[in-house]
Amino acid sequence: MNIIISKENVKNIFIHFFIWILYIAYEYSLVIVMGAPINFYETFSNFAVYAILVYSNVFGGFKYFLKPLKLLSLIIYIIGILIVLITLRFYLKTQIVPYFNPVLINPYYDFGFFIAESIQRFTLFTVISFVYYFFRRLKEVERQKLEIEKEKTKNAEALLVSEEALRLRTEQALVHEHEMGILQKERDEAEIGFLRAQINPHFLYNTLNFFYAKVFAHSHEAADGINLLVKMMKYALQKEDSKGMVSLDEEIEHLRNFIHLNQLRYSNTLQIQFNVKGVTMFRNIVPLVLVTFVENVVKHGDLLDPQKPAIISLELTSKQLIFSTRNKVRQGPKEKSTGIGLDNTIKRLNLSYNNGYSLKIDENEEFYLTQFTLNI
């Protein structure tokens, strides 16, 4: 059993000590009034035994045996403690006290009186210990009631907090569900618009293949352009996986086809360097994202200066895709840009990657630069 020494415990010890001093003083006053001799050693030894009896009952016997189903154990305990008290008092009276006071009158002068006195004292201090134990139990029950009430209050407060948290989570879930509904509506509308724009892609494929076959004999370059256009259209119209992703290798191939097609348009005069670094296999990406940046390079850049070519770089690390472009700024009149392509790309990135990407755009008098970083 761990005994905690607190201010309350120290206070109780002093109170008990003071009560015992008062009681001993009361006993001494009675002895003095009756004119009987006073023996300090015998008085001290007797009250030491009585104190042991009281605290043994309160913290031991009554605590374990004062129960309805332990009546026999309680009786045995009382008889046993009585025998111990008589034996201890007799030993102290005949052996210990005479050692400190040899002139003590023969303790055997009336053994029957000694037994009667011991039983009387045992009864008195057993009653005192029972009263003390009873009030301690009342105080303990009250303390337990207060603790239960505090625990109930604490649980009620925790329940209120939990209900409030649940309410907030429910509201957030409803807001999220509403936002997802809006996003789904936008996706459905985009898909409908996309389907309308297809104008039967199989018809286009077959028509372009027909032109390819007719043109091939006259111009391999024109036929190559048609073939590239077919590949690009097939890629743009292909189905993504369940997460809306395509293979990164397919996206890179689409970029190469786009650059090659524009080289054919400008008789291979465009100064464009496209570099890929890192392992691209088994990586996925949202389709038609990277090509937006390349389209801006071709549309707005000065790509005819061999000393300052456009540089398109794609680098793969273990956790990130880093895609950057740098092109010389075209001087003179510029083609007006609506910004729709870049805006749509950013919206698609927000839907698919949330905060898992960053986009930096910088422009000075000579160059236009973009750096797109994606956690992949």
# chains A, B, ... in the order shown; residues from 1 in each chain; ligands from 1
$ residues_around --residues "Pro287 of chain A" --least-positions-apart "2" --cutoff "9 Å" --atoms "only C-alpha atoms" --output "JSON list (two decimals) with C-alpha atoms, in the first residue's frame"
[["chain", "number", "residue", "atom", "x", "y", "z"],
["A", 235, "TYR", "CA", -3.93, 10.32, -77.55],
["A", 236, "ALA", "CA", -6.17, 13.32, -76.83],
["A", 240, "GLU", "CA", -7.81, 7.51, -68.87],
["A", 244, "GLY", "CA", -7.97, 9.98, -64.58],
["A", 245, "MET", "CA", -4.30, 9.21, -65.29],
["A", 246, "VAL", "CA", -2.25, 8.08, -68.29],
["A", 247, "SER", "CA", 1.26, 6.75, -68.61],
["A", 248, "LEU", "CA", 3.97, 9.42, -68.38],
["A", 250, "GLU", "CA", 2.59, 8.37, -73.42],
["A", 251, "GLU", "CA", 2.51, 12.04, -72.37],
["A", 284, "ASN", "CA", 1.41, 8.24, -64.30],
["A", 285, "ILE", "CA", 0.17, 11.78, -64.85],
["A", 289, "VAL", "CA", -0.99, 19.01, -68.86],
["A", 290, "LEU", "CA", 2.61, 19.33, -70.01],
["A", 291, "VAL", "CA", 1.66, 20.05, -73.60]]
$ residues_around --residues "segment 69-80 of chain A" --least-positions-apart "4" --cutoff "12 Å" --atoms "only C-alpha atoms" --output "PDB file with N, CA and C atoms, in the first residue's frame"
ATOM      1  N   LEU A  53      -4.733  -0.963  18.972  1.00  0.00           N
ATOM      2  CA  LEU A  53      -6.053  -1.578  18.831  1.00  0.00           C
ATOM      3  C   LEU A  53      -6.959  -0.733  17.936  1.00  0.00           C
ATOM      4  N   SER A  56      -5.679  -0.631  14.278  1.00  0.00           N
ATOM      5  CA  SER A  56      -5.786  -1.961  13.667  1.00  0.00           C
ATOM      6  C   SER A  56      -7.225  -2.233  13.250  1.00  0.00           C
ATOM      7  N   ASN A  57      -8.181  -1.815  14.122  1.00  0.00           N
ATOM      8  CA  ASN A  57      -9.584  -2.000  13.780  1.00  0.00           C
ATOM      9  C   ASN A  57      -9.989  -1.150  12.573  1.00  0.00           C
ATOM     10  N   GLY A  60      -7.681  -2.104   9.411  1.00  0.00           N
ATOM     11  CA  GLY A  60      -7.505  -3.526   9.147  1.00  0.00           C
ATOM     12  C   GLY A  60      -8.774  -4.325   9.341  1.00  0.00           C
ATOM     13  N   GLY A  61      -9.097  -4.651  10.608  1.00  0.00           N
ATOM     14  CA  GLY A  61     -10.199  -5.561  10.911  1.00  0.00           C
ATOM     15  C   GLY A  61     -11.533  -5.122  10.370  1.00  0.00           C
ATOM     16  N   PHE A  62     -11.985  -3.896  10.733  1.00  0.00           N
ATOM     17  CA  PHE A  62     -13.294  -3.432  10.283  1.00  0.00           C
ATOM     18  C   PHE A  62     -13.347  -3.286   8.766  1.00  0.00           C
ATOM     19  N   LYS A  63     -12.244  -2.882   8.169  1.00  0.00           N
ATOM     20  CA  LYS A  63     -12.203  -2.668   6.726  1.00  0.00           C
ATOM     21  C   LYS A  63     -12.446  -3.956   5.956  1.00  0.00           C
ATOM     22  N   TYR A  64     -11.951  -5.078   6.492  1.00  0.00           N
ATOM     23  CA  TYR A  64     -12.030  -6.352   5.767  1.00  0.00           C
ATOM     24  C   TYR A  64     -13.127  -7.282   6.291  1.00  0.00           C
ATOM     25  N   PHE A  65     -13.502  -7.146   7.576  1.00  0.00           N
ATOM     26  CA  PHE A  65     -14.430  -8.128   8.175  1.00  0.00           C
ATOM     27  C   PHE A  65     -15.792  -7.544   8.521  1.00  0.00           C
ATOM     28  N   VAL A  84      -4.888 -11.021  21.982  1.00  0.00           N
ATOM     29  CA  VAL A  84      -3.601 -10.351  21.740  1.00  0.00           C
ATOM     30  C   VAL A  84      -3.431  -9.172  22.684  1.00  0.00           C
ATOM     31  N   LEU A  85      -4.512  -8.383  22.876  1.00  0.00           N
ATOM     32  CA  LEU A  85      -4.436  -7.220  23.761  1.00  0.00           C
ATOM     33  C   LEU A  85      -4.138  -7.639  25.200  1.00  0.00           C
ATOM     34  N   ILE A  86      -4.845  -8.669  25.710  1.00  0.00           N
ATOM     35  CA  ILE A  86      -4.616  -9.128  27.088  1.00  0.00           C
ATOM     36  C   ILE A  86      -3.191  -9.637  27.241  1.00  0.00           C
ATOM     37  N   THR A  87      -2.739 -10.424  26.258  1.00  0.00           N
ATOM     38  CA  THR A  87      -1.383 -10.984  26.333  1.00  0.00           C
ATOM     39  C   THR A  87      -0.335  -9.877  26.298  1.00  0.00           C
ATOM     40  N   ILE A 119     -10.735  -6.298  29.435  1.00  0.00           N
ATOM     41  CA  ILE A 119     -11.947  -6.445  28.617  1.00  0.00           C
ATOM     42  C   ILE A 119     -12.690  -5.116  28.523  1.00  0.00           C
ATOM     43  N   PHE A 122     -10.753  -2.888  26.267  1.00  0.00           N
ATOM     44  CA  PHE A 122     -10.919  -3.387  24.892  1.00  0.00           C
ATOM     45  C   PHE A 122     -12.257  -2.969  24.331  1.00  0.00           C
ATOM     46  N   THR A 123     -13.317  -3.122  25.132  1.00  0.00           N
ATOM     47  CA  THR A 123     -14.653  -2.750  24.682  1.00  0.00           C
ATOM     48  C   THR A 123     -14.732  -1.262  24.388  1.00  0.00           C
ATOM     49  N   THR A 126     -12.658  -0.381  21.324  1.00  0.00           N
ATOM     50  CA  THR A 126     -13.257  -0.982  20.127  1.00  0.00           C
ATOM     51  C   THR A 126     -14.450  -0.151  19.672  1.00  0.00           C
ATOM     52  N   VAL A 127     -15.268   0.329  20.630  1.00  0.00           N
ATOM     53  CA  VAL A 127     -16.394   1.195  20.306  1.00  0.00           C
ATOM     54  C   VAL A 127     -15.887   2.515  19.694  1.00  0.00           C
TER      55      VAL A 127
END
$ closest_residue --among "A:Asn257, A:Asn296, A:Thr373, A:Ser352" --to "Thr317 of chain A" --atoms "only C-alpha atoms"
A:Thr373
$ select_by_dssp --residues "segment 228-283 of chain A" --states "helix (DSSP H, G or I)" --output "ChimeraX atom specification"
/A:228-237,248-265
